[in-house]
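Okay, entry.cif is below, mmCIF, N, CA and C atoms and all ligand atoms:
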data_start
#
loop_
_atom_site.label_atom_id
_atom_site.label_comp_id
_atom_site.auth_asym_id
_atom_site.auth_seq_id
_atom_site.Cartn_x
_atom_site.Cartn_y
_atom_site.Cartn_z
N MET T 195 1.32 9.13 -20.76
CA MET T 195 2.25 8.01 -20.55
C MET T 195 2.34 7.17 -21.83
N SER T 196 3.54 6.85 -22.24
CA SER T 196 3.70 6.05 -23.45
C SER T 196 3.35 4.59 -23.16
N ASP T 197 3.08 3.84 -24.21
CA ASP T 197 2.76 2.42 -24.02
C ASP T 197 3.92 1.67 -23.38
N ASP T 198 5.14 2.08 -23.77
CA ASP T 198 6.31 1.42 -23.19
C ASP T 198 6.33 1.55 -21.68
N LEU T 199 6.03 2.79 -21.23
CA LEU T 199 6.04 3.02 -19.79
C LEU T 199 4.95 2.20 -19.11
N SER T 200 3.77 2.15 -19.72
CA SER T 200 2.68 1.37 -19.13
C SER T 200 3.11 -0.07 -18.96
N GLU T 201 3.79 -0.59 -19.98
CA GLU T 201 4.23 -1.99 -19.90
C GLU T 201 5.25 -2.18 -18.79
N LEU T 202 6.15 -1.21 -18.69
CA LEU T 202 7.16 -1.28 -17.64
C LEU T 202 6.48 -1.29 -16.27
N TYR T 203 5.52 -0.39 -16.09
CA TYR T 203 4.82 -0.31 -14.81
C TYR T 203 4.07 -1.60 -14.53
N GLN T 204 3.46 -2.16 -15.59
CA GLN T 204 2.75 -3.42 -15.40
C GLN T 204 3.68 -4.51 -14.92
N GLU T 205 4.88 -4.51 -15.49
CA GLU T 205 5.88 -5.50 -15.08
C GLU T 205 6.19 -5.39 -13.59
N VAL T 206 6.38 -4.16 -13.13
CA VAL T 206 6.70 -3.95 -11.71
C VAL T 206 5.55 -4.42 -10.83
N ILE T 207 4.33 -4.09 -11.24
CA ILE T 207 3.16 -4.48 -10.44
C ILE T 207 3.03 -6.01 -10.42
N LEU T 208 3.21 -6.63 -11.57
CA LEU T 208 3.12 -8.11 -11.62
C LEU T 208 4.20 -8.75 -10.76
N ASP T 209 5.39 -8.17 -10.81
CA ASP T 209 6.50 -8.71 -10.02
C ASP T 209 6.16 -8.66 -8.53
N HIS T 210 5.64 -7.52 -8.08
CA HIS T 210 5.30 -7.39 -6.66
C HIS T 210 4.13 -8.29 -6.26
N SER T 211 3.18 -8.51 -7.19
CA SER T 211 2.04 -9.34 -6.82
C SER T 211 2.43 -10.82 -6.81
N ARG T 212 3.39 -11.18 -7.66
CA ARG T 212 3.83 -12.59 -7.71
C ARG T 212 4.76 -12.91 -6.55
N SER T 213 5.66 -12.00 -6.24
CA SER T 213 6.57 -12.24 -5.11
C SER T 213 6.57 -11.02 -4.21
N PRO T 214 5.49 -10.89 -3.43
CA PRO T 214 5.35 -9.71 -2.57
C PRO T 214 6.46 -9.61 -1.53
N ARG T 215 6.92 -8.38 -1.29
CA ARG T 215 7.96 -8.13 -0.31
C ARG T 215 7.33 -7.99 1.08
N ASN T 216 8.07 -8.41 2.09
CA ASN T 216 7.61 -8.27 3.48
C ASN T 216 6.25 -8.96 3.70
N PHE T 217 6.06 -10.08 3.01
CA PHE T 217 4.79 -10.81 3.08
C PHE T 217 4.90 -11.88 4.16
N ARG T 218 4.64 -11.48 5.38
CA ARG T 218 4.74 -12.39 6.53
C ARG T 218 4.10 -11.71 7.72
N THR T 219 3.78 -12.52 8.74
CA THR T 219 3.32 -11.91 9.98
C THR T 219 4.54 -11.39 10.73
N LEU T 220 4.29 -10.44 11.60
CA LEU T 220 5.38 -9.84 12.36
C LEU T 220 5.15 -10.18 13.83
N GLU T 221 6.00 -11.08 14.34
CA GLU T 221 5.78 -11.61 15.70
C GLU T 221 5.76 -10.51 16.76
N ASP T 222 6.68 -9.55 16.62
CA ASP T 222 6.77 -8.52 17.66
C ASP T 222 6.19 -7.18 17.20
N ALA T 223 5.11 -7.27 16.43
CA ALA T 223 4.43 -6.05 15.96
C ALA T 223 3.89 -5.26 17.15
N THR T 224 3.96 -3.94 17.06
CA THR T 224 3.37 -3.11 18.11
C THR T 224 1.91 -2.82 17.80
N SER T 225 1.53 -2.92 16.52
CA SER T 225 0.11 -2.85 16.18
C SER T 225 -0.14 -3.55 14.86
N ALA T 226 -1.40 -3.92 14.67
CA ALA T 226 -1.81 -4.60 13.45
C ALA T 226 -3.23 -4.16 13.13
N ALA T 227 -3.56 -4.11 11.83
CA ALA T 227 -4.92 -3.74 11.45
C ALA T 227 -5.32 -4.53 10.22
N GLU T 228 -6.59 -4.90 10.19
CA GLU T 228 -7.14 -5.64 9.07
C GLU T 228 -7.81 -4.68 8.10
N GLY T 229 -7.65 -4.95 6.81
CA GLY T 229 -8.36 -4.17 5.80
C GLY T 229 -9.10 -5.11 4.86
N HIS T 230 -10.30 -4.71 4.49
CA HIS T 230 -11.14 -5.56 3.67
C HIS T 230 -11.80 -4.73 2.58
N ASN T 231 -11.71 -5.21 1.36
CA ASN T 231 -12.39 -4.55 0.23
C ASN T 231 -13.43 -5.52 -0.31
N PRO T 232 -14.68 -5.42 0.16
CA PRO T 232 -15.70 -6.41 -0.20
C PRO T 232 -15.99 -6.45 -1.70
N LEU T 233 -15.80 -5.34 -2.41
CA LEU T 233 -16.10 -5.30 -3.85
C LEU T 233 -15.22 -6.25 -4.64
N CYS T 234 -13.98 -6.41 -4.17
CA CYS T 234 -13.02 -7.23 -4.92
C CYS T 234 -12.67 -8.50 -4.16
N GLY T 235 -12.87 -8.48 -2.83
CA GLY T 235 -12.48 -9.63 -2.03
C GLY T 235 -11.08 -9.54 -1.47
N ASP T 236 -10.46 -8.37 -1.58
CA ASP T 236 -9.12 -8.19 -1.01
C ASP T 236 -9.22 -8.15 0.51
N HIS T 237 -8.33 -8.87 1.15
CA HIS T 237 -8.38 -8.94 2.61
C HIS T 237 -6.96 -9.09 3.15
N PHE T 238 -6.48 -8.05 3.81
CA PHE T 238 -5.10 -8.06 4.29
C PHE T 238 -5.02 -7.64 5.76
N THR T 239 -4.00 -8.13 6.42
CA THR T 239 -3.64 -7.60 7.73
C THR T 239 -2.27 -6.97 7.61
N ILE T 240 -2.17 -5.75 8.10
CA ILE T 240 -0.90 -5.02 8.07
C ILE T 240 -0.32 -5.03 9.49
N TYR T 241 0.96 -5.34 9.59
CA TYR T 241 1.64 -5.37 10.88
C TYR T 241 2.70 -4.28 10.91
N VAL T 242 2.76 -3.57 12.03
CA VAL T 242 3.72 -2.49 12.15
C VAL T 242 4.48 -2.63 13.47
N LYS T 243 5.77 -2.40 13.40
CA LYS T 243 6.56 -2.32 14.62
C LYS T 243 7.10 -0.90 14.72
N LEU T 244 6.56 -0.18 15.69
CA LEU T 244 6.96 1.21 15.89
C LEU T 244 8.04 1.30 16.95
N ASP T 245 8.99 2.20 16.71
CA ASP T 245 10.01 2.50 17.69
C ASP T 245 9.90 4.00 17.91
N GLY T 246 9.18 4.39 18.96
CA GLY T 246 8.84 5.80 19.11
C GLY T 246 7.91 6.17 17.96
N ASP T 247 8.32 7.13 17.13
CA ASP T 247 7.50 7.55 16.00
C ASP T 247 7.97 6.94 14.68
N VAL T 248 8.99 6.09 14.76
CA VAL T 248 9.57 5.54 13.54
C VAL T 248 9.04 4.14 13.25
N ILE T 249 8.68 3.91 11.99
CA ILE T 249 8.21 2.59 11.56
C ILE T 249 9.45 1.72 11.30
N ARG T 250 9.77 0.86 12.25
CA ARG T 250 10.96 0.01 12.11
C ARG T 250 10.71 -1.14 11.14
N GLU T 251 9.53 -1.73 11.26
CA GLU T 251 9.17 -2.86 10.40
C GLU T 251 7.73 -2.70 9.97
N VAL T 252 7.45 -3.11 8.74
CA VAL T 252 6.05 -3.17 8.32
C VAL T 252 5.92 -4.37 7.38
N THR T 253 4.96 -5.24 7.70
CA THR T 253 4.75 -6.45 6.91
C THR T 253 3.26 -6.63 6.68
N PHE T 254 2.90 -7.57 5.81
CA PHE T 254 1.47 -7.83 5.60
C PHE T 254 1.23 -9.29 5.27
N GLN T 255 -0.01 -9.70 5.50
CA GLN T 255 -0.46 -11.05 5.19
C GLN T 255 -1.87 -10.96 4.64
N GLY T 256 -2.27 -11.98 3.91
CA GLY T 256 -3.64 -12.00 3.41
C GLY T 256 -3.68 -12.35 1.96
N SER T 257 -4.81 -12.04 1.32
CA SER T 257 -4.94 -12.36 -0.09
C SER T 257 -5.76 -11.28 -0.78
N GLY T 258 -5.53 -11.18 -2.07
CA GLY T 258 -6.25 -10.17 -2.84
C GLY T 258 -5.78 -10.19 -4.28
N CYS T 259 -6.29 -9.24 -5.05
CA CYS T 259 -5.94 -9.18 -6.47
C CYS T 259 -4.51 -8.64 -6.63
N ALA T 260 -4.03 -8.66 -7.86
CA ALA T 260 -2.66 -8.23 -8.15
C ALA T 260 -2.42 -6.79 -7.71
N ILE T 261 -3.39 -5.93 -7.95
CA ILE T 261 -3.20 -4.50 -7.62
C ILE T 261 -3.08 -4.30 -6.11
N SER T 262 -3.98 -4.94 -5.35
CA SER T 262 -3.94 -4.73 -3.90
C SER T 262 -2.67 -5.31 -3.30
N LYS T 263 -2.27 -6.46 -3.81
CA LYS T 263 -1.08 -7.11 -3.28
C LYS T 263 0.18 -6.30 -3.62
N ALA T 264 0.26 -5.86 -4.88
CA ALA T 264 1.41 -5.05 -5.29
C ALA T 264 1.44 -3.74 -4.51
N SER T 265 0.28 -3.15 -4.30
CA SER T 265 0.22 -1.89 -3.58
C SER T 265 0.72 -2.07 -2.15
N ALA T 266 0.28 -3.16 -1.50
CA ALA T 266 0.72 -3.44 -0.13
C ALA T 266 2.23 -3.69 -0.10
N SER T 267 2.71 -4.46 -1.07
CA SER T 267 4.14 -4.80 -1.12
C SER T 267 5.00 -3.54 -1.28
N ILE T 268 4.62 -2.68 -2.22
CA ILE T 268 5.40 -1.46 -2.46
C ILE T 268 5.27 -0.52 -1.26
N MET T 269 4.09 -0.52 -0.65
CA MET T 269 3.88 0.32 0.54
C MET T 269 4.84 -0.07 1.67
N THR T 270 4.98 -1.38 1.90
CA THR T 270 5.85 -1.80 3.00
C THR T 270 7.30 -1.38 2.73
N GLU T 271 7.72 -1.49 1.47
CA GLU T 271 9.09 -1.07 1.13
C GLU T 271 9.27 0.43 1.31
N THR T 272 8.21 1.17 0.97
CA THR T 272 8.30 2.64 1.01
C THR T 272 8.29 3.17 2.44
N LEU T 273 7.49 2.56 3.31
CA LEU T 273 7.27 3.15 4.63
C LEU T 273 8.26 2.70 5.70
N LYS T 274 8.99 1.63 5.41
CA LYS T 274 9.96 1.16 6.40
C LYS T 274 11.01 2.23 6.67
N GLY T 275 11.18 2.57 7.95
CA GLY T 275 12.16 3.59 8.32
C GLY T 275 11.61 5.00 8.35
N LYS T 276 10.35 5.18 7.90
CA LYS T 276 9.75 6.52 7.89
C LYS T 276 9.09 6.80 9.26
N THR T 277 8.93 8.09 9.56
CA THR T 277 8.19 8.45 10.76
C THR T 277 6.69 8.41 10.45
N LYS T 278 5.88 8.45 11.52
CA LYS T 278 4.43 8.46 11.32
C LYS T 278 3.99 9.66 10.49
N VAL T 279 4.61 10.82 10.77
CA VAL T 279 4.24 12.04 10.04
C VAL T 279 4.61 11.91 8.56
N GLU T 280 5.79 11.37 8.29
CA GLU T 280 6.20 11.17 6.89
C GLU T 280 5.25 10.20 6.19
N ALA T 281 4.88 9.13 6.90
CA ALA T 281 3.99 8.13 6.32
C ALA T 281 2.65 8.75 5.95
N GLU T 282 2.15 9.62 6.81
CA GLU T 282 0.87 10.30 6.57
C GLU T 282 0.96 11.16 5.31
N LYS T 283 2.08 11.88 5.16
CA LYS T 283 2.27 12.74 3.97
C LYS T 283 2.32 11.89 2.70
N ILE T 284 3.05 10.78 2.77
CA ILE T 284 3.17 9.92 1.60
C ILE T 284 1.80 9.35 1.24
N PHE T 285 1.03 8.98 2.25
CA PHE T 285 -0.32 8.45 2.01
C PHE T 285 -1.17 9.47 1.25
N HIS T 286 -1.11 10.74 1.67
CA HIS T 286 -1.92 11.75 0.99
C HIS T 286 -1.48 11.94 -0.46
N ARG T 287 -0.16 11.92 -0.69
CA ARG T 287 0.33 12.07 -2.06
C ARG T 287 -0.05 10.86 -2.91
N PHE T 288 0.03 9.68 -2.29
CA PHE T 288 -0.33 8.45 -3.00
C PHE T 288 -1.82 8.48 -3.36
N HIS T 289 -2.64 8.96 -2.44
CA HIS T 289 -4.07 9.07 -2.68
C HIS T 289 -4.33 9.96 -3.90
N ASP T 290 -3.68 11.13 -3.95
CA ASP T 290 -3.81 12.02 -5.11
C ASP T 290 -3.37 11.32 -6.38
N LEU T 291 -2.26 10.61 -6.28
CA LEU T 291 -1.67 9.94 -7.44
C LEU T 291 -2.66 8.96 -8.07
N ILE T 292 -3.29 8.11 -7.25
CA ILE T 292 -4.15 7.10 -7.85
C ILE T 292 -5.55 7.65 -8.18
N MET T 293 -5.92 8.80 -7.59
CA MET T 293 -7.20 9.40 -7.95
C MET T 293 -7.09 10.19 -9.25
N THR T 294 -5.94 10.83 -9.48
CA THR T 294 -5.81 11.75 -10.61
C THR T 294 -4.78 11.28 -11.64
N GLY T 295 -3.88 10.37 -11.25
CA GLY T 295 -2.81 9.98 -12.15
C GLY T 295 -1.71 11.02 -12.21
N GLY T 296 -1.83 12.06 -11.38
CA GLY T 296 -0.80 13.11 -11.33
C GLY T 296 0.55 12.51 -10.98
N ASN T 297 1.61 13.25 -11.20
CA ASN T 297 2.94 12.64 -11.04
C ASN T 297 3.34 12.43 -9.58
N GLY T 298 2.69 13.17 -8.66
CA GLY T 298 2.96 12.95 -7.24
C GLY T 298 4.35 13.38 -6.82
N GLY T 299 5.14 13.86 -7.77
CA GLY T 299 6.49 14.31 -7.43
C GLY T 299 7.49 13.18 -7.50
N ALA T 300 8.73 13.55 -7.70
CA ALA T 300 9.79 12.55 -7.86
C ALA T 300 9.93 11.68 -6.62
N GLU T 301 9.58 12.22 -5.47
CA GLU T 301 9.77 11.49 -4.21
C GLU T 301 8.82 10.30 -4.08
N MET T 302 7.88 10.16 -5.02
CA MET T 302 6.98 9.01 -4.95
C MET T 302 7.74 7.70 -5.18
N GLY T 303 8.90 7.78 -5.84
CA GLY T 303 9.71 6.58 -6.04
C GLY T 303 8.92 5.46 -6.67
N LYS T 304 9.02 4.27 -6.06
CA LYS T 304 8.38 3.08 -6.62
C LYS T 304 6.86 3.20 -6.68
N LEU T 305 6.30 4.03 -5.80
CA LEU T 305 4.84 4.17 -5.77
C LEU T 305 4.30 4.72 -7.08
N ALA T 306 5.16 5.41 -7.84
CA ALA T 306 4.72 6.02 -9.10
C ALA T 306 4.16 4.98 -10.06
N VAL T 307 4.56 3.72 -9.91
CA VAL T 307 4.06 2.69 -10.83
C VAL T 307 2.56 2.49 -10.67
N MET T 308 1.98 2.96 -9.56
CA MET T 308 0.55 2.78 -9.33
C MET T 308 -0.30 3.87 -9.99
N ALA T 309 0.35 4.85 -10.63
CA ALA T 309 -0.38 5.99 -11.20
C ALA T 309 -1.46 5.55 -12.18
N GLY T 310 -1.19 4.48 -12.94
CA GLY T 310 -2.14 4.03 -13.97
C GLY T 310 -3.48 3.57 -13.40
N VAL T 311 -3.51 3.31 -12.09
CA VAL T 311 -4.73 2.82 -11.46
C VAL T 311 -5.90 3.80 -11.62
N HIS T 312 -5.58 5.11 -11.74
CA HIS T 312 -6.67 6.09 -11.81
C HIS T 312 -7.57 5.88 -13.02
N LYS T 313 -7.07 5.17 -14.03
CA LYS T 313 -7.88 4.90 -15.23
C LYS T 313 -8.89 3.78 -14.96
N PHE T 314 -8.76 3.09 -13.84
CA PHE T 314 -9.62 1.95 -13.53
C PHE T 314 -10.26 2.16 -12.16
N PRO T 315 -11.38 2.92 -12.14
CA PRO T 315 -11.98 3.31 -10.85
C PRO T 315 -12.25 2.12 -9.93
N MET T 316 -12.58 0.95 -10.49
CA MET T 316 -12.84 -0.21 -9.65
C MET T 316 -11.59 -0.65 -8.88
N ARG T 317 -10.43 -0.28 -9.43
CA ARG T 317 -9.19 -0.74 -8.82
C ARG T 317 -8.62 0.23 -7.79
N ILE T 318 -9.20 1.43 -7.72
CA ILE T 318 -8.66 2.43 -6.79
C ILE T 318 -8.78 1.92 -5.35
N LYS T 319 -9.91 1.29 -5.04
CA LYS T 319 -10.10 0.78 -3.68
C LYS T 319 -9.13 -0.35 -3.37
N CYS T 320 -8.78 -1.12 -4.38
CA CYS T 320 -7.79 -2.18 -4.19
C CYS T 320 -6.44 -1.57 -3.81
N ALA T 321 -6.07 -0.51 -4.54
CA ALA T 321 -4.75 0.10 -4.33
C ALA T 321 -4.68 0.83 -2.99
N ILE T 322 -5.80 1.40 -2.57
CA ILE T 322 -5.78 2.24 -1.36
C ILE T 322 -5.97 1.40 -0.09
N LEU T 323 -6.51 0.19 -0.24
CA LEU T 323 -6.85 -0.64 0.93
C LEU T 323 -5.70 -0.80 1.94
N PRO T 324 -4.51 -1.25 1.49
CA PRO T 324 -3.45 -1.43 2.48
C PRO T 324 -3.07 -0.13 3.18
N TRP T 325 -3.26 0.99 2.51
CA TRP T 325 -2.93 2.29 3.11
C TRP T 325 -3.94 2.66 4.19
N HIS T 326 -5.21 2.35 3.94
CA HIS T 326 -6.21 2.60 4.99
C HIS T 326 -5.90 1.73 6.21
N ALA T 327 -5.45 0.51 5.95
CA ALA T 327 -5.15 -0.39 7.07
C ALA T 327 -3.95 0.12 7.87
N ILE T 328 -2.91 0.58 7.18
CA ILE T 328 -1.75 1.04 7.95
C ILE T 328 -2.06 2.34 8.67
N GLU T 329 -2.93 3.14 8.07
CA GLU T 329 -3.32 4.38 8.76
C GLU T 329 -4.01 4.03 10.08
N ALA T 330 -4.88 2.99 10.03
CA ALA T 330 -5.55 2.54 11.25
C ALA T 330 -4.54 2.05 12.27
N CYS T 331 -3.53 1.33 11.78
CA CYS T 331 -2.43 0.85 12.64
C CYS T 331 -1.77 2.01 13.36
N LEU T 332 -1.40 3.02 12.58
CA LEU T 332 -0.61 4.13 13.12
C LEU T 332 -1.44 4.98 14.07
N LYS T 333 -2.76 4.98 13.85
CA LYS T 333 -3.64 5.75 14.73
C LYS T 333 -4.17 4.91 15.89
N GLY T 334 -3.77 3.64 15.91
CA GLY T 334 -4.16 2.78 17.03
C GLY T 334 -5.63 2.39 17.04
N LYS T 335 -6.27 2.42 15.84
CA LYS T 335 -7.68 1.99 15.78
C LYS T 335 -7.76 0.48 15.85
N LYS T 336 -8.78 0.00 16.50
CA LYS T 336 -8.90 -1.44 16.72
C LYS T 336 -9.83 -2.14 15.73
N ASP T 337 -10.79 -1.41 15.18
CA ASP T 337 -11.78 -2.05 14.31
C ASP T 337 -11.20 -2.32 12.93
N PRO T 338 -11.59 -3.42 12.31
CA PRO T 338 -11.13 -3.68 10.93
C PRO T 338 -11.58 -2.55 10.00
N VAL T 339 -10.76 -2.27 9.00
CA VAL T 339 -11.04 -1.22 8.04
C VAL T 339 -11.74 -1.81 6.83
N SER T 340 -12.75 -1.14 6.33
CA SER T 340 -13.40 -1.57 5.10
C SER T 340 -13.46 -0.42 4.13
N THR T 341 -13.31 -0.73 2.84
CA THR T 341 -13.39 0.34 1.83
C THR T 341 -14.84 0.71 1.58
N GLU T 342 -15.78 -0.08 2.11
CA GLU T 342 -17.22 0.22 1.90
C GLU T 342 -17.82 0.86 3.13
ZN ZN V 401 -8.68 -5.91 -5.55
#
Can the structure from this file be put into structure tokens for me?
Amino acid sequence: MSDDLSELYQEVILDHSRSPRNFRTLEDATSAAEGHNPLCGDHFTIYVKLDGDVIREVTFQGSGCAISKASASIMTETLKGKTKVEAEKIFHRFHDLIMTGGNGGAEMGKLAVMAGVHKFPMRIKCAILPWHAIEACLKGKKDPVSTE
């Protein structure tokens, strides 16, 4: 990755962390799950409104570092309108992306900006936290999720 691209990606991440999208509670959520990353102090609740198998709405609340917040923000934009099965596939590709920095394929869209996280192992848990929380949501788990 060229330095220019890194800077561009940083800009996108900073933008999402400063003005996160879908950053609100969801009054008519069909499920919600808490995620906590004790190493960094990231703590979010993800809200999902399912219509059958389709994610109609996904929002989040909480606080955390720039990476976790940006990751949650981009996740909500990416998963809105997707089915549970599609969301699961995207989660697996995203996991590979931040573990290896691989390109994840063109379909990663905005999520591709998170690829640089793989160079910072401490930040991987920040980036993956909201995804673990939404996975718990979609599977109907009740216990809060922790990266530890
Ligand atoms: Zn963090």
What residues of the protein or nucleic acid chains come within 8 Å of ligand ZN 401 (chain V) when you use all atoms listed in the file? Reply as a list of chain:residue names. T:Asn231, T:Leu233, T:Cys234, T:Gly235, T:Asp236, T:His237, T:Ser257, T:Gly258, T:Cys259, T:Ala260, T:Ile261, T:Ser262, T:Lys263, T:Met316, T:Arg317, T:Ile318, T:Lys319, T:Cys320, T:Ala321
Could you give me the residues within chain T that DSSP places in strand (DSSP E or B), as a count of residues only? 31
Point-to-point distance in Å for CA of Lys304 (chain T) and atom C of Ile268 (chain T): 7.2 Å
Find the spatial neighbours of Ala330 (chain T), counting all atoms listed in the file, within a cut-off of 6.5 Å - ignore same-chain residues fewer than 5 positions away - and output them as a PDB file with N, CA and C atoms, in the coordinates of the input.
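Final file, around-v7.pdb:
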ATOM      1  N   ALA T 226      -1.400  -3.920  14.670  1.00  0.00           N
ATOM      2  CA  ALA T 226      -1.810  -4.600  13.450  1.00  0.00           C
ATOM      3  C   ALA T 226      -3.230  -4.160  13.130  1.00  0.00           C
ATOM      4  N   ALA T 227      -3.560  -4.110  11.830  1.00  0.00           N
ATOM      5  CA  ALA T 227      -4.920  -3.740  11.450  1.00  0.00           C
ATOM      6  C   ALA T 227      -5.320  -4.530  10.220  1.00  0.00           C
ATOM      7  N   TRP T 325      -3.260   0.990   2.510  1.00  0.00           N
ATOM      8  CA  TRP T 325      -2.930   2.290   3.110  1.00  0.00           C
ATOM      9  C   TRP T 325      -3.940   2.660   4.190  1.00  0.00           C
ATOM     10  N   LYS T 335      -6.270   2.420  15.840  1.00  0.00           N
ATOM     11  CA  LYS T 335      -7.680   1.990  15.780  1.00  0.00           C
ATOM     12  C   LYS T 335      -7.760   0.480  15.850  1.00  0.00           C
ATOM     13  N   LYS T 336      -8.780   0.000  16.500  1.00  0.00           N
ATOM     14  CA  LYS T 336      -8.900  -1.440  16.720  1.00  0.00           C
ATOM     15  C   LYS T 336      -9.830  -2.140  15.730  1.00  0.00           C
TER      16      LYS T 336
END
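With distances restricted to only C-alpha atoms, T:Gly310 is the closest residue to Gln204 (chain T) from T:Gly296, T:Gly256, T:Gly334, T:Gly310.
You can rank T:Tyr203, T:Tyr241, T:Phe288, T:Phe314 by their closest distance to Thr253 (chain T) using all atoms listed in the file, and at the top of that list sits T:Tyr241.
The space separating atom C of Gln255 (chain T) from atom N of Phe238 (chain T) comes to 5.5 Å.
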Between T:Ala266, T:Ile284, T:Leu208, T:Val279, which residue has the minimum interatomic distance to Ile322 (chain T), considering all atoms listed in the file? T:Ala266
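Comparing T:Met308, T:Ala264, T:Ile240, T:Met293 by their smallest distance to Pro214 (chain T), the closest is T:Ala264 (using only N, CA and C atoms).
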Please identify which residues in region 229-303 of chain T DSSP calls alpha helix (DSSP H) from the backbone, and express them as a ChimeraX atom specification. /T:260-273,278-294
Save the residues we just selected, N, CA and C atoms, as a compact mmCIF listing (two decimals), keeping the file's coordinate frame?
# COMPACT_ATOMS: atom_id res chain seq x y z
N ALA T 260 -4.03 -8.66 -7.86
CA ALA T 260 -2.66 -8.23 -8.15
C ALA T 260 -2.42 -6.79 -7.71
N ILE T 261 -3.39 -5.93 -7.95
CA ILE T 261 -3.20 -4.50 -7.62
C ILE T 261 -3.08 -4.30 -6.11
N SER T 262 -3.98 -4.94 -5.35
CA SER T 262 -3.94 -4.73 -3.90
C SER T 262 -2.67 -5.31 -3.30
N LYS T 263 -2.27 -6.46 -3.81
CA LYS T 263 -1.08 -7.11 -3.28
C LYS T 263 0.18 -6.30 -3.62
N ALA T 264 0.26 -5.86 -4.88
CA ALA T 264 1.41 -5.05 -5.29
C ALA T 264 1.44 -3.74 -4.51
N SER T 265 0.28 -3.15 -4.30
CA SER T 265 0.22 -1.89 -3.58
C SER T 265 0.72 -2.07 -2.15
N ALA T 266 0.28 -3.16 -1.50
CA ALA T 266 0.72 -3.44 -0.13
C ALA T 266 2.23 -3.69 -0.10
N SER T 267 2.71 -4.46 -1.07
CA SER T 267 4.14 -4.80 -1.12
C SER T 267 5.00 -3.54 -1.28
N ILE T 268 4.62 -2.68 -2.22
CA ILE T 268 5.40 -1.46 -2.46
C ILE T 268 5.27 -0.52 -1.26
N MET T 269 4.09 -0.52 -0.65
CA MET T 269 3.88 0.32 0.54
C MET T 269 4.84 -0.07 1.67
N THR T 270 4.98 -1.38 1.90
CA THR T 270 5.85 -1.80 3.00
C THR T 270 7.30 -1.38 2.73
N GLU T 271 7.72 -1.49 1.47
CA GLU T 271 9.09 -1.07 1.13
C GLU T 271 9.27 0.43 1.31
N THR T 272 8.21 1.17 0.97
CA THR T 272 8.30 2.64 1.01
C THR T 272 8.29 3.17 2.44
N LEU T 273 7.49 2.56 3.31
CA LEU T 273 7.27 3.15 4.63
C LEU T 273 8.26 2.70 5.70
N LYS T 278 5.88 8.45 11.52
CA LYS T 278 4.43 8.46 11.32
C LYS T 278 3.99 9.66 10.49
N VAL T 279 4.61 10.82 10.77
CA VAL T 279 4.24 12.04 10.04
C VAL T 279 4.61 11.91 8.56
N GLU T 280 5.79 11.37 8.29
CA GLU T 280 6.20 11.17 6.89
C GLU T 280 5.25 10.20 6.19
N ALA T 281 4.88 9.13 6.90
CA ALA T 281 3.99 8.13 6.32
C ALA T 281 2.65 8.75 5.95
N GLU T 282 2.15 9.62 6.81
CA GLU T 282 0.87 10.30 6.57
C GLU T 282 0.96 11.16 5.31
N LYS T 283 2.08 11.88 5.16
CA LYS T 283 2.27 12.74 3.97
C LYS T 283 2.32 11.89 2.70
N ILE T 284 3.05 10.78 2.77
CA ILE T 284 3.17 9.92 1.60
C ILE T 284 1.80 9.35 1.24
N PHE T 285 1.03 8.98 2.25
CA PHE T 285 -0.32 8.45 2.01
C PHE T 285 -1.17 9.47 1.25
N HIS T 286 -1.11 10.74 1.67
CA HIS T 286 -1.92 11.75 0.99
C HIS T 286 -1.48 11.94 -0.46
N ARG T 287 -0.16 11.92 -0.69
CA ARG T 287 0.33 12.07 -2.06
C ARG T 287 -0.05 10.86 -2.91
N PHE T 288 0.03 9.68 -2.29
CA PHE T 288 -0.33 8.45 -3.00
C PHE T 288 -1.82 8.48 -3.36
N HIS T 289 -2.64 8.96 -2.44
CA HIS T 289 -4.07 9.07 -2.68
C HIS T 289 -4.33 9.96 -3.90
N ASP T 290 -3.68 11.13 -3.95
CA ASP T 290 -3.81 12.02 -5.11
C ASP T 290 -3.37 11.32 -6.38
N LEU T 291 -2.26 10.61 -6.28
CA LEU T 291 -1.67 9.94 -7.44
C LEU T 291 -2.66 8.96 -8.07
N ILE T 292 -3.29 8.11 -7.25
CA ILE T 292 -4.15 7.10 -7.85
C ILE T 292 -5.55 7.65 -8.18
N MET T 293 -5.92 8.80 -7.59
CA MET T 293 -7.20 9.40 -7.95
C MET T 293 -7.09 10.19 -9.25
N THR T 294 -5.94 10.83 -9.48
CA THR T 294 -5.81 11.75 -10.61
C THR T 294 -4.78 11.28 -11.64
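Of the residues under consideration (T:Glu342, T:Glu228, T:Glu271, T:Asp245), T:Glu228 shows the shortest atom-to-atom contact distance to His326 (chain T) when counting all atoms listed in the file.
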Quick one: residues within 6 Å of Gly275 (chain T), all atoms listed in the file, excluding same-chain residues fewer than 4 positions away - as an mmCIF file with N, CA and C atoms, in the coordinates of the input?
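Dumped to part_5.cif:
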data_model
loop_
_atom_site.group_PDB
_atom_site.id
_atom_site.type_symbol
_atom_site.label_atom_id
_atom_site.label_comp_id
_atom_site.auth_asym_id
_atom_site.auth_seq_id
_atom_site.Cartn_x
_atom_site.Cartn_y
_atom_site.Cartn_z
ATOM 1 N N VAL T 248 8.990 6.090 14.760
ATOM 2 C CA VAL T 248 9.570 5.540 13.540
ATOM 3 C C VAL T 248 9.040 4.140 13.250
ATOM 4 N N ILE T 249 8.680 3.910 11.990
ATOM 5 C CA ILE T 249 8.210 2.590 11.560
ATOM 6 C C ILE T 249 9.450 1.720 11.300
ATOM 7 N N ARG T 250 9.770 0.860 12.250
ATOM 8 C CA ARG T 250 10.960 0.010 12.110
ATOM 9 C C ARG T 250 10.710 -1.140 11.140
ATOM 10 N N GLU T 251 9.530 -1.730 11.260
ATOM 11 C CA GLU T 251 9.170 -2.860 10.400
ATOM 12 C C GLU T 251 7.730 -2.700 9.970
#
For atom N of Thr239 (chain T) and atom C of Phe254 (chain T), the interatomic separation in Å (one decimal): 5.5 Å
Counting only N, CA and C atoms, the option among T:Glu329, T:Arg218, T:Leu305, T:Gly246 closest to Thr272 (chain T): T:Leu305
